[in-house]
$ cat work-v4.txt   # compact mmCIF, C-alpha atoms and all ligand atoms
# COMPACT_ATOMS: atom_id res chain seq x y z
CA MET A 10 -207.00 108.41 147.97
CA ALA A 11 -205.94 110.00 151.28
CA ASN A 12 -207.21 108.54 154.50
CA GLN A 13 -208.60 111.82 155.81
CA TYR A 14 -211.58 111.37 153.49
CA ILE A 15 -212.38 107.99 154.99
CA ARG A 16 -214.62 107.90 158.05
CA PRO A 17 -214.19 105.06 160.52
CA ILE A 18 -216.74 102.40 159.69
CA ILE A 19 -217.10 98.73 160.64
CA ILE A 20 -216.39 96.15 157.94
CA THR A 21 -217.30 92.53 158.64
CA ILE A 22 -216.03 89.55 156.66
CA ASP A 23 -217.73 86.24 157.37
CA GLY A 24 -217.58 82.99 155.50
CA TRP A 25 -216.44 79.42 155.20
CA SER A 26 -213.18 78.06 156.60
CA SER A 27 -209.99 78.88 154.71
CA CYS A 28 -211.50 81.02 152.01
CA GLY A 29 -209.05 83.86 152.46
CA LYS A 30 -211.00 86.04 154.88
CA SER A 31 -207.99 86.99 156.98
CA THR A 32 -205.80 87.84 153.98
CA LEU A 33 -208.46 90.19 152.65
CA ALA A 34 -209.31 91.64 156.08
CA ARG A 35 -205.67 92.39 156.90
CA GLU A 36 -204.98 94.11 153.57
CA LEU A 37 -208.22 96.04 153.63
CA ALA A 38 -207.53 97.33 157.14
CA SER A 39 -204.00 98.31 156.23
CA ARG A 40 -205.11 100.23 153.11
CA LEU A 41 -207.89 102.06 154.98
CA GLY A 42 -205.84 102.76 158.12
CA PHE A 43 -208.26 100.61 160.15
CA VAL A 44 -207.54 97.95 162.78
CA TYR A 45 -207.82 94.31 161.73
CA ILE A 46 -209.28 91.87 164.27
CA ASP A 47 -209.11 88.12 163.69
CA SER A 48 -212.03 86.84 165.78
CA GLY A 49 -211.16 83.22 164.91
CA ALA A 50 -207.82 83.64 166.69
CA MET A 51 -209.75 84.30 169.90
CA TYR A 52 -211.69 81.02 169.63
CA ARG A 53 -208.48 79.22 168.74
CA ALA A 54 -206.67 80.66 171.79
CA ILE A 55 -209.54 79.66 174.10
CA THR A 56 -209.36 76.16 172.60
CA LEU A 57 -205.62 76.00 173.25
CA TYR A 58 -206.20 76.98 176.89
CA PHE A 59 -208.95 74.35 177.33
CA THR A 60 -206.71 71.67 175.79
CA ARG A 61 -203.65 72.53 177.85
CA HIS A 62 -205.66 72.60 181.08
CA HIS A 63 -207.68 69.46 180.26
CA ILE A 64 -210.97 71.30 180.56
CA ASP A 65 -213.99 69.09 179.95
CA TRP A 66 -216.01 71.54 177.85
CA THR A 67 -219.22 69.55 178.20
CA ASP A 68 -219.14 70.63 181.88
CA MET A 69 -220.32 74.26 182.07
CA GLY A 70 -218.91 74.70 185.59
CA GLN A 71 -215.44 73.91 184.27
CA VAL A 72 -215.97 76.17 181.26
CA ASP A 73 -217.05 79.11 183.45
CA ARG A 74 -214.08 78.70 185.79
CA ALA A 75 -211.63 78.37 182.92
CA LEU A 76 -212.92 81.50 181.18
CA GLN A 77 -212.20 83.49 184.33
CA HIS A 78 -208.54 82.65 183.89
CA ILE A 79 -208.29 83.59 180.23
CA GLU A 80 -207.03 86.96 179.09
CA LEU A 81 -206.85 87.55 175.35
CA SER A 82 -205.04 90.41 173.67
CA PHE A 83 -203.68 91.33 170.26
CA HIS A 84 -200.18 92.82 170.03
CA PHE A 85 -199.02 94.48 166.87
CA ASN A 86 -195.77 93.06 165.50
CA ALA A 87 -194.23 95.94 163.56
CA GLU A 88 -191.69 93.73 161.80
CA LEU A 89 -194.38 91.48 160.34
CA GLY A 90 -196.90 94.29 160.00
CA ARG A 91 -199.62 92.25 161.73
CA ALA A 92 -201.07 91.59 165.16
CA HIS A 93 -200.28 88.43 167.11
CA MET A 94 -202.69 86.70 169.47
CA HIS A 95 -201.58 86.57 173.09
CA LEU A 96 -203.09 84.23 175.66
CA ASN A 97 -202.41 85.34 179.25
CA GLY A 98 -199.41 87.30 178.01
CA GLU A 99 -197.93 84.48 175.89
CA ASN A 100 -197.62 84.87 172.12
CA VAL A 101 -199.62 81.91 170.80
CA GLU A 102 -200.04 83.14 167.22
CA TYR A 103 -198.28 80.16 165.67
CA LEU A 104 -199.47 77.48 168.11
CA ILE A 105 -203.14 78.27 167.48
CA ARG A 106 -202.77 77.63 163.73
CA ASP A 107 -201.90 73.98 164.34
CA LEU A 108 -204.30 71.28 163.09
CA SER A 109 -204.60 69.98 166.67
CA VAL A 110 -206.31 73.27 167.60
CA ALA A 111 -208.32 73.37 164.35
CA GLU A 112 -209.69 69.90 165.16
CA ARG A 113 -211.25 71.11 168.41
CA VAL A 114 -212.05 74.77 167.84
CA SER A 115 -215.50 74.38 166.29
CA ASP A 116 -216.75 72.34 169.27
CA VAL A 117 -215.45 74.98 171.68
CA ALA A 118 -216.84 77.84 169.56
CA ALA A 119 -220.30 76.24 169.65
CA ILE A 120 -220.57 76.79 173.43
CA GLY A 121 -222.81 79.75 174.28
CA ARG A 122 -220.72 80.88 177.27
CA VAL A 123 -217.56 80.87 175.17
CA ARG A 124 -219.27 82.98 172.52
CA ASP A 125 -220.61 85.47 175.09
CA PHE A 126 -217.07 85.84 176.45
CA ALA A 127 -215.53 86.43 173.00
CA VAL A 128 -218.33 88.59 171.57
CA ALA A 129 -218.22 91.01 174.54
CA GLN A 130 -214.53 91.64 173.84
CA GLN A 131 -215.08 91.92 170.08
CA ARG A 132 -217.76 94.58 170.60
CA ARG A 133 -215.44 96.55 172.89
CA MET A 134 -212.73 96.45 170.22
CA GLY A 135 -215.17 97.92 167.70
CA LYS A 136 -216.66 100.63 169.88
CA ASP A 137 -214.81 103.45 168.07
CA ARG A 138 -215.38 101.82 164.66
CA GLY A 139 -212.53 101.92 162.10
CA ILE A 140 -212.14 98.13 162.17
CA VAL A 141 -212.22 95.15 159.84
CA MET A 142 -213.20 91.97 161.69
CA ASP A 143 -213.44 88.52 160.15
CA GLY A 144 -215.18 85.42 161.45
CA ARG A 145 -218.47 83.54 161.22
CA ASP A 146 -221.05 85.70 163.03
CA ILE A 147 -219.56 89.17 162.80
CA GLY A 148 -222.11 90.66 160.41
CA THR A 149 -225.06 88.74 161.87
CA VAL A 150 -224.47 88.91 165.63
CA VAL A 151 -221.42 90.93 166.71
CA PHE A 152 -221.98 94.03 164.56
CA PRO A 153 -225.40 93.78 162.88
CA ASP A 154 -225.19 97.53 162.21
CA ALA A 155 -221.85 97.34 160.32
CA GLU A 156 -221.64 99.66 157.31
CA LEU A 157 -220.12 96.99 155.02
CA LYS A 158 -220.68 93.25 155.32
CA ILE A 159 -218.87 90.82 153.06
CA PHE A 160 -219.68 87.11 152.89
CA MET A 161 -216.76 85.19 151.42
CA THR A 162 -216.81 81.90 149.68
CA ALA A 163 -214.55 79.85 147.39
CA ASP A 164 -214.63 76.48 145.71
CA ASN A 165 -214.03 73.57 148.16
CA ASP A 166 -211.02 72.12 146.33
CA ILE A 167 -209.38 75.52 146.11
CA ARG A 168 -209.87 76.14 149.83
CA VAL A 169 -208.37 72.75 150.68
CA ALA A 170 -205.38 73.31 148.40
CA ARG A 171 -204.67 76.76 149.85
CA ARG A 172 -204.84 75.62 153.50
CA PHE A 173 -202.82 72.47 152.74
CA LEU A 174 -199.97 74.58 151.34
CA GLU A 175 -200.08 76.86 154.39
CA LEU A 176 -200.01 74.02 156.94
CA ARG A 177 -197.55 71.78 155.11
CA ASP A 178 -194.85 74.42 155.54
CA LYS A 179 -194.88 73.84 159.29
CA ASN A 180 -195.94 70.20 159.33
CA PRO A 181 -194.54 68.05 156.49
CA ASP A 182 -196.55 65.00 157.69
CA ILE A 183 -199.91 66.61 157.07
CA THR A 184 -202.00 65.20 154.22
CA GLU A 185 -204.49 66.89 151.96
CA ALA A 186 -207.11 64.43 153.25
CA ASP A 187 -206.52 65.66 156.85
CA VAL A 188 -207.05 69.23 155.75
CA ARG A 189 -210.18 68.42 153.71
CA SER A 190 -211.72 66.50 156.57
CA ASN A 191 -211.01 69.35 159.02
CA LEU A 192 -212.51 71.99 156.72
CA GLU A 193 -215.63 69.94 156.03
CA THR A 194 -216.16 69.11 159.70
CA ARG A 195 -215.69 72.72 160.82
CA ASP A 196 -217.97 74.09 158.13
CA TYR A 197 -220.66 71.59 159.14
CA ILE A 198 -220.42 72.34 162.88
CA ASP A 199 -220.10 76.12 162.33
CA SER A 200 -223.19 76.30 160.13
CA HIS A 201 -225.34 73.87 162.16
CA ARG A 202 -224.68 74.96 165.76
CA GLU A 203 -227.54 76.40 167.79
CA VAL A 204 -225.79 79.59 168.90
CA SER A 205 -224.86 82.11 166.19
CA PRO A 206 -224.45 79.68 163.30
CA LEU A 207 -222.49 80.74 160.25
CA ARG A 208 -224.88 82.26 157.75
CA GLN A 209 -224.91 85.10 155.30
CA ALA A 210 -226.37 88.33 156.73
CA HIS A 211 -229.33 89.50 154.63
CA ASP A 212 -227.45 92.71 153.80
CA ALA A 213 -224.04 91.11 153.07
CA ILE A 214 -222.39 91.17 149.65
CA VAL A 215 -221.06 87.81 148.45
CA LEU A 216 -217.45 87.65 147.31
CA ASP A 217 -216.46 84.37 145.64
CA ASN A 218 -212.69 84.49 145.33
CA SER A 219 -212.16 81.08 143.67
CA ASN A 220 -210.71 82.71 140.59
CA LEU A 221 -209.46 85.99 142.02
CA THR A 222 -205.92 86.92 142.97
CA PRO A 223 -205.40 88.56 146.39
CA GLN A 224 -204.95 91.90 144.58
CA GLU A 225 -208.18 91.50 142.60
CA GLN A 226 -210.22 90.66 145.69
CA LEU A 227 -208.67 93.60 147.53
CA ASP A 228 -209.53 96.02 144.71
CA ILE A 229 -213.15 94.85 144.70
CA ALA A 230 -213.52 95.14 148.47
CA LEU A 231 -211.73 98.51 148.58
CA GLY A 232 -214.23 99.83 146.07
CA TRP A 233 -217.14 98.75 148.29
CA ALA A 234 -215.45 100.13 151.41
CA ARG A 235 -214.71 103.51 149.87
CA GLN A 236 -218.29 103.90 148.69
CA ARG A 237 -219.45 103.48 152.27
CA ALA A 238 -216.65 105.22 154.13
CA LEU A 239 -216.23 108.38 152.10
CA ALA A 240 -217.00 111.20 154.51
CA VAL A 241 -220.21 113.03 153.68
O1 LIG B 301 -209.00 80.82 159.21
P1 LIG B 301 -210.10 79.78 159.24
O2 LIG B 301 -211.15 80.07 158.23
O3 LIG B 301 -209.58 78.40 159.17
O4 LIG B 301 -210.81 79.83 160.65
P2 LIG B 301 -210.73 80.89 161.82
O5 LIG B 301 -211.30 82.21 161.37
O6 LIG B 301 -209.37 80.89 162.42
O7 LIG B 301 -211.78 80.28 162.88
C1 LIG B 301 -211.55 79.07 163.53
C2 LIG B 301 -212.87 78.56 164.08
O8 LIG B 301 -213.33 79.44 165.09
C3 LIG B 301 -214.03 78.43 163.10
O9 LIG B 301 -214.04 77.20 162.39
C4 LIG B 301 -215.24 78.56 164.02
O10 LIG B 301 -215.54 77.33 164.65
C5 LIG B 301 -214.75 79.52 165.09
N1 LIG B 301 -215.19 80.89 164.88
C6 LIG B 301 -216.46 81.23 165.26
O11 LIG B 301 -217.23 80.38 165.68
N2 LIG B 301 -216.88 82.52 165.20
C7 LIG B 301 -216.08 83.46 164.73
N3 LIG B 301 -216.51 84.72 164.72
C8 LIG B 301 -214.77 83.14 164.31
C9 LIG B 301 -214.37 81.84 164.37
$ encode --input "work-v4.txt" --output "structure tokens"
Amino acid sequence: MANQYIRPIIITIDGWSSCGKSTLARELASRLGFVYIDSGAMYRAITLYFTRHHIDWTDMGQVDRALQHIELSFHFNAELGRAHMHLNGENVEYLIRDLSVAERVSDVAAIGRVRDFAVAQQRRMGKDRGIVMDGRDIGTVVFPDAELKIFMTADNDIRVARRFLELRDKNPDITEADVRSNLETRDYIDSHREVSPLRQAHDAIVLDNSNLTPQEQLDIALGWARQRALAV
């Protein structure tokens, strides 16, 4: 199906940690000719900055000052066919995937000022529509008027196994127990925080990909997207 029949809509993909949101979002965007935005990478990059600069994030004065020195941008890497997160001009795409960042990110992402900072940028990125954005609050808070909202979930053990394989490549010392504990802690904090907690938007469609291949989940989501994006 040619892209000229597809109008630029907003597709949001929210859900639990490590359930394959970014894989689906990236493929969906590429097939529709849309831009993929990984909102989690923004919170991870902010966390990396706070850690490197020893920011005490319980002190809102320090948080406000630090945010003034943070510039986030995505740069498309043509060779890899995907965008990389840059923090103040530095490519931090690989650093932000480390467990040391994952262990802190949910605390940082629970801070209202941090969310205001990230959400303002996310809304600017979506102003012309034609995007797929994944995260925790994209369909509920960032783009409540999105044309297609997907809420992703997968069995706990499957999520742990997938993320363990991903992280073990770079860090042979990592254990499955480390990964499980990180996922459980993040899911708890993300769904219990006061500001923009993770929850399913009332108009989101649930996609449980426990027993789906990446191709099968893509086909399902493409069907939903085309229904909504076909020009009228
Ligand atoms: O890829 P994974 O599911 O592990 O997580 P991520 O999308 O990289 O997000 C990392 C963390 O950022 C989450 O655990 C949340 O604490 C936070 N986050 C958020 O609060 N809101 C978003 N829209 C995206 C991420």
$ residues_around --input "work-v4.txt" --residues "Arg202 in chain A" --least-positions-apart "3" --cutoff "10 Å" --atoms "all atoms listed in the file" --output "ChimeraX atom specification"
/A:115-116,118-121,197-199,205-207
$ write_last_selection --input "work-v4.txt" --atoms "C-alpha atoms" --output "compact mmCIF listing (two decimals), keeping the file's coordinate frame"
# COMPACT_ATOMS: atom_id res chain seq x y z
CA SER A 115 -215.50 74.38 166.29
CA ASP A 116 -216.75 72.34 169.27
CA ALA A 118 -216.84 77.84 169.56
CA ALA A 119 -220.30 76.24 169.65
CA ILE A 120 -220.57 76.79 173.43
CA GLY A 121 -222.81 79.75 174.28
CA TYR A 197 -220.66 71.59 159.14
CA ILE A 198 -220.42 72.34 162.88
CA ASP A 199 -220.10 76.12 162.33
CA SER A 205 -224.86 82.11 166.19
CA PRO A 206 -224.45 79.68 163.30
CA LEU A 207 -222.49 80.74 160.25
$ residues_near_ligand --input "work-v4.txt" --ligand "ligand LIG 301 (chain B)" --cutoff "7 Å" --atoms "only C-alpha atoms and all ligand atoms" --output "list in words"
Trp25, Ser26, Ser27, Cys28, Lys30, Ser31, Asp47, Ser48, Gly49, Ala50, Tyr52, Arg53, Ala111, Val114, Ser115, Asp116, Ala118, Ala119, Asp143, Gly144, Arg145, Asp146, Ile147, Arg195, Asp196 and Asp199 of chain A
$ closest_residue --input "work-v4.txt" --among "A:His211, A:His201, A:Arg106, A:Arg35" --to "Arg91 in chain A" --atoms "all atoms listed in the file"
A:Arg35
$ residues_around --input "work-v4.txt" --residues "Glu175 in chain A" --least-positions-apart "4" --cutoff "12 Å" --atoms "only C-alpha atoms" --output "compact mmCIF listing (two decimals) with C-alpha atoms, in the frame of the given file"
# COMPACT_ATOMS: atom_id res chain seq x y z
CA SER A 27 -209.99 78.88 154.71
CA GLY A 29 -209.05 83.86 152.46
CA TYR A 103 -198.28 80.16 165.67
CA ARG A 106 -202.77 77.63 163.73
CA ASP A 107 -201.90 73.98 164.34
CA LEU A 108 -204.30 71.28 163.09
CA ARG A 168 -209.87 76.14 149.83
CA VAL A 169 -208.37 72.75 150.68
CA ALA A 170 -205.38 73.31 148.40
CA ARG A 171 -204.67 76.76 149.85
CA LYS A 179 -194.88 73.84 159.29
CA ASN A 180 -195.94 70.20 159.33
CA PRO A 181 -194.54 68.05 156.49
CA ILE A 183 -199.91 66.61 157.07
CA THR A 184 -202.00 65.20 154.22
CA GLU A 185 -204.49 66.89 151.96
CA VAL A 188 -207.05 69.23 155.75
$ atom_distance --input "work-v4.txt" --atom1 "CA of Met161 in chain A" --atom2 "CA of Asn191 in chain A"
18.5 Å
$ atom_distance --input "work-v4.txt" --atom1 "CA of Phe126 in chain A" --atom2 "CA of Arg16 in chain A"
28.8 Å
$ closest_residue --input "work-v4.txt" --among "A:Ala127, A:Ile46, A:Val101, A:Leu37" --to "Gln226 in chain A" --atoms "only C-alpha atoms"
A:Leu37
$ atom_distance --input "work-v4.txt" --atom1 "CA of Leu192 in chain A" --atom2 "CA of Leu174 in chain A"
13.9 Å
$ closest_residue --input "work-v4.txt" --among "A:Asn218, A:Gln209, A:Gln224, A:Thr32" --to "Val141 in chain A" --atoms "all atoms listed in the file"
A:Thr32
$ closest_residue --input "work-v4.txt" --among "A:Val204, A:Ile79, A:Ile22, A:Leu239" --to "Phe152 in chain A" --atoms "only C-alpha atoms"
A:Ile22
$ residues_around --input "work-v4.txt" --residues "Val215 in chain A" --least-positions-apart "3" --cutoff "8 Å" --atoms "all atoms listed in the file" --output "PDB file with C-alpha atoms, in the frame of the given file"
ATOM      1  CA  ILE A 159    -218.870  90.820 153.060  1.00  0.00           C
ATOM      2  CA  PHE A 160    -219.680  87.110 152.890  1.00  0.00           C
ATOM      3  CA  MET A 161    -216.760  85.190 151.420  1.00  0.00           C
ATOM      4  CA  THR A 162    -216.810  81.900 149.680  1.00  0.00           C
TER       5      THR A 162
END
$ closest_residue --input "work-v4.txt" --among "A:Arg113, A:Arg172, A:Arg122, A:Arg177" --to "Asp68 in chain A" --atoms "all atoms listed in the file"
A:Arg122
$ closest_residue --input "work-v4.txt" --among "A:Arg124, A:Val44, A:Ala54, A:Ala234" --to "Glu99 in chain A" --atoms "all atoms listed in the file"
A:Ala54
$ residues_around --input "work-v4.txt" --residues "Ala38 in chain A" --least-positions-apart "5" --cutoff "9 Å" --atoms "only C-alpha atoms" --output "PDB file with C-alpha atoms, keeping the file's coordinate frame"
ATOM      1  CA  ILE A  20    -216.390  96.150 157.940  1.00  0.00           C
ATOM      2  CA  LEU A  33    -208.460  90.190 152.650  1.00  0.00           C
ATOM      3  CA  PHE A  43    -208.260 100.610 160.150  1.00  0.00           C
ATOM      4  CA  VAL A  44    -207.540  97.950 162.780  1.00  0.00           C
ATOM      5  CA  TYR A  45    -207.820  94.310 161.730  1.00  0.00           C
ATOM      6  CA  GLY A 139    -212.530 101.920 162.100  1.00  0.00           C
ATOM      7  CA  ILE A 140    -212.140  98.130 162.170  1.00  0.00           C
ATOM      8  CA  VAL A 141    -212.220  95.150 159.840  1.00  0.00           C
TER       9      VAL A 141
END
$ axis_aligned_box --input "work-v4.txt" --around "range 187-194 of chain A" --padding-each-side "4 Å" --output "JSON"
{"center_x": -211.3, "center_y": 68.8, "center_z": 156.7, "size_x": 17.6, "size_y": 14.3, "size_z": 14.0}
$ residues_near_point --input "work-v4.txt" --point "(-210.2, 100.9, 145.5)" --cutoff "12 Å" --atoms "all atoms listed in the file" --output "ChimeraX atom specification"
/A:10-11,36-37,40-41,224-239
$ write_last_selection --input "work-v4.txt" --atoms "C-alpha atoms" --output "tab-separated table (two decimals), in the frame of the given file"
chain	number	residue	atom	x	y	z
A	10	MET	CA	-207.00	108.41	147.97
A	11	ALA	CA	-205.94	110.00	151.28
A	36	GLU	CA	-204.98	94.11	153.57
A	37	LEU	CA	-208.22	96.04	153.63
A	40	ARG	CA	-205.11	100.23	153.11
A	41	LEU	CA	-207.89	102.06	154.98
A	224	GLN	CA	-204.95	91.90	144.58
A	225	GLU	CA	-208.18	91.50	142.60
A	226	GLN	CA	-210.22	90.66	145.69
A	227	LEU	CA	-208.67	93.60	147.53
A	228	ASP	CA	-209.53	96.02	144.71
A	229	ILE	CA	-213.15	94.85	144.70
A	230	ALA	CA	-213.52	95.14	148.47
A	231	LEU	CA	-211.73	98.51	148.58
A	232	GLY	CA	-214.23	99.83	146.07
A	233	TRP	CA	-217.14	98.75	148.29
A	234	ALA	CA	-215.45	100.13	151.41
A	235	ARG	CA	-214.71	103.51	149.87
A	236	GLN	CA	-218.29	103.90	148.69
A	237	ARG	CA	-219.45	103.48	152.27
A	238	ALA	CA	-216.65	105.22	154.13
A	239	LEU	CA	-216.23	108.38	152.10
$ build_atoms --input "work-v4.txt" --residues "range 13-32 of chain A" --atoms "N, CA and C atoms" --output "PDB file, in the frame of the given file"
ATOM      1  N   GLN A  13    -207.771 110.873 155.075  1.00  0.00           N
ATOM      2  CA  GLN A  13    -208.600 111.820 155.810  1.00  0.00           C
ATOM      3  C   GLN A  13    -210.031 111.887 155.255  1.00  0.00           C
ATOM      4  N   TYR A  14    -210.232 111.355 154.054  1.00  0.00           N
ATOM      5  CA  TYR A  14    -211.580 111.370 153.490  1.00  0.00           C
ATOM      6  C   TYR A  14    -212.378 110.149 153.918  1.00  0.00           C
ATOM      7  N   ILE A  15    -211.726 109.247 154.611  1.00  0.00           N
ATOM      8  CA  ILE A  15    -212.380 107.990 154.990  1.00  0.00           C
ATOM      9  C   ILE A  15    -212.868 108.101 156.435  1.00  0.00           C
ATOM     10  N   ARG A  16    -214.170 107.874 156.648  1.00  0.00           N
ATOM     11  CA  ARG A  16    -214.620 107.900 158.050  1.00  0.00           C
ATOM     12  C   ARG A  16    -214.532 106.494 158.622  1.00  0.00           C
ATOM     13  N   PRO A  17    -214.354 106.390 159.931  1.00  0.00           N
ATOM     14  CA  PRO A  17    -214.190 105.060 160.520  1.00  0.00           C
ATOM     15  C   PRO A  17    -215.499 104.276 160.530  1.00  0.00           C
ATOM     16  N   ILE A  18    -215.539 103.239 159.742  1.00  0.00           N
ATOM     17  CA  ILE A  18    -216.740 102.400 159.690  1.00  0.00           C
ATOM     18  C   ILE A  18    -216.365 100.997 160.182  1.00  0.00           C
ATOM     19  N   ILE A  19    -217.363 100.139 160.300  1.00  0.00           N
ATOM     20  CA  ILE A  19    -217.100  98.730 160.640  1.00  0.00           C
ATOM     21  C   ILE A  19    -217.309  97.884 159.380  1.00  0.00           C
ATOM     22  N   ILE A  20    -216.297  97.068 159.077  1.00  0.00           N
ATOM     23  CA  ILE A  20    -216.390  96.150 157.940  1.00  0.00           C
ATOM     24  C   ILE A  20    -216.328  94.732 158.493  1.00  0.00           C
ATOM     25  N   THR A  21    -217.305  93.921 158.158  1.00  0.00           N
ATOM     26  CA  THR A  21    -217.300  92.530 158.640  1.00  0.00           C
ATOM     27  C   THR A  21    -217.072  91.596 157.456  1.00  0.00           C
ATOM     28  N   ILE A  22    -216.278  90.563 157.698  1.00  0.00           N
ATOM     29  CA  ILE A  22    -216.030  89.550 156.660  1.00  0.00           C
ATOM     30  C   ILE A  22    -216.302  88.192 157.277  1.00  0.00           C
ATOM     31  N   ASP A  23    -217.394  87.576 156.868  1.00  0.00           N
ATOM     32  CA  ASP A  23    -217.730  86.240 157.370  1.00  0.00           C
ATOM     33  C   ASP A  23    -217.634  85.252 156.222  1.00  0.00           C
ATOM     34  N   GLY A  24    -217.570  83.988 156.569  1.00  0.00           N
ATOM     35  CA  GLY A  24    -217.580  82.990 155.500  1.00  0.00           C
ATOM     36  C   GLY A  24    -216.984  81.670 155.944  1.00  0.00           C
ATOM     37  N   TRP A  25    -216.866  80.790 154.963  1.00  0.00           N
ATOM     38  CA  TRP A  25    -216.440  79.420 155.200  1.00  0.00           C
ATOM     39  C   TRP A  25    -214.968  79.373 155.599  1.00  0.00           C
ATOM     40  N   SER A  26    -214.558  78.232 156.160  1.00  0.00           N
ATOM     41  CA  SER A  26    -213.180  78.060 156.600  1.00  0.00           C
ATOM     42  C   SER A  26    -212.219  78.191 155.419  1.00  0.00           C
ATOM     43  N   SER A  27    -211.095  78.827 155.685  1.00  0.00           N
ATOM     44  CA  SER A  27    -209.990  78.880 154.710  1.00  0.00           C
ATOM     45  C   SER A  27    -210.367  79.431 153.352  1.00  0.00           C
ATOM     46  N   CYS A  28    -211.215  80.451 153.336  1.00  0.00           N
ATOM     47  CA  CYS A  28    -211.500  81.020 152.010  1.00  0.00           C
ATOM     48  C   CYS A  28    -210.824  82.361 151.826  1.00  0.00           C
ATOM     49  N   GLY A  29    -209.848  82.653 152.673  1.00  0.00           N
ATOM     50  CA  GLY A  29    -209.050  83.860 152.460  1.00  0.00           C
ATOM     51  C   GLY A  29    -209.569  85.094 153.167  1.00  0.00           C
ATOM     52  N   LYS A  30    -210.428  84.896 154.170  1.00  0.00           N
ATOM     53  CA  LYS A  30    -211.000  86.040 154.880  1.00  0.00           C
ATOM     54  C   LYS A  30    -209.921  86.891 155.541  1.00  0.00           C
ATOM     55  N   SER A  31    -208.977  86.207 156.218  1.00  0.00           N
ATOM     56  CA  SER A  31    -207.990  86.990 156.980  1.00  0.00           C
ATOM     57  C   SER A  31    -207.019  87.730 156.062  1.00  0.00           C
ATOM     58  N   THR A  32    -206.677  87.139 154.923  1.00  0.00           N
ATOM     59  CA  THR A  32    -205.800  87.840 153.980  1.00  0.00           C
ATOM     60  C   THR A  32    -206.477  89.133 153.520  1.00  0.00           C
TER      61      THR A  32
END
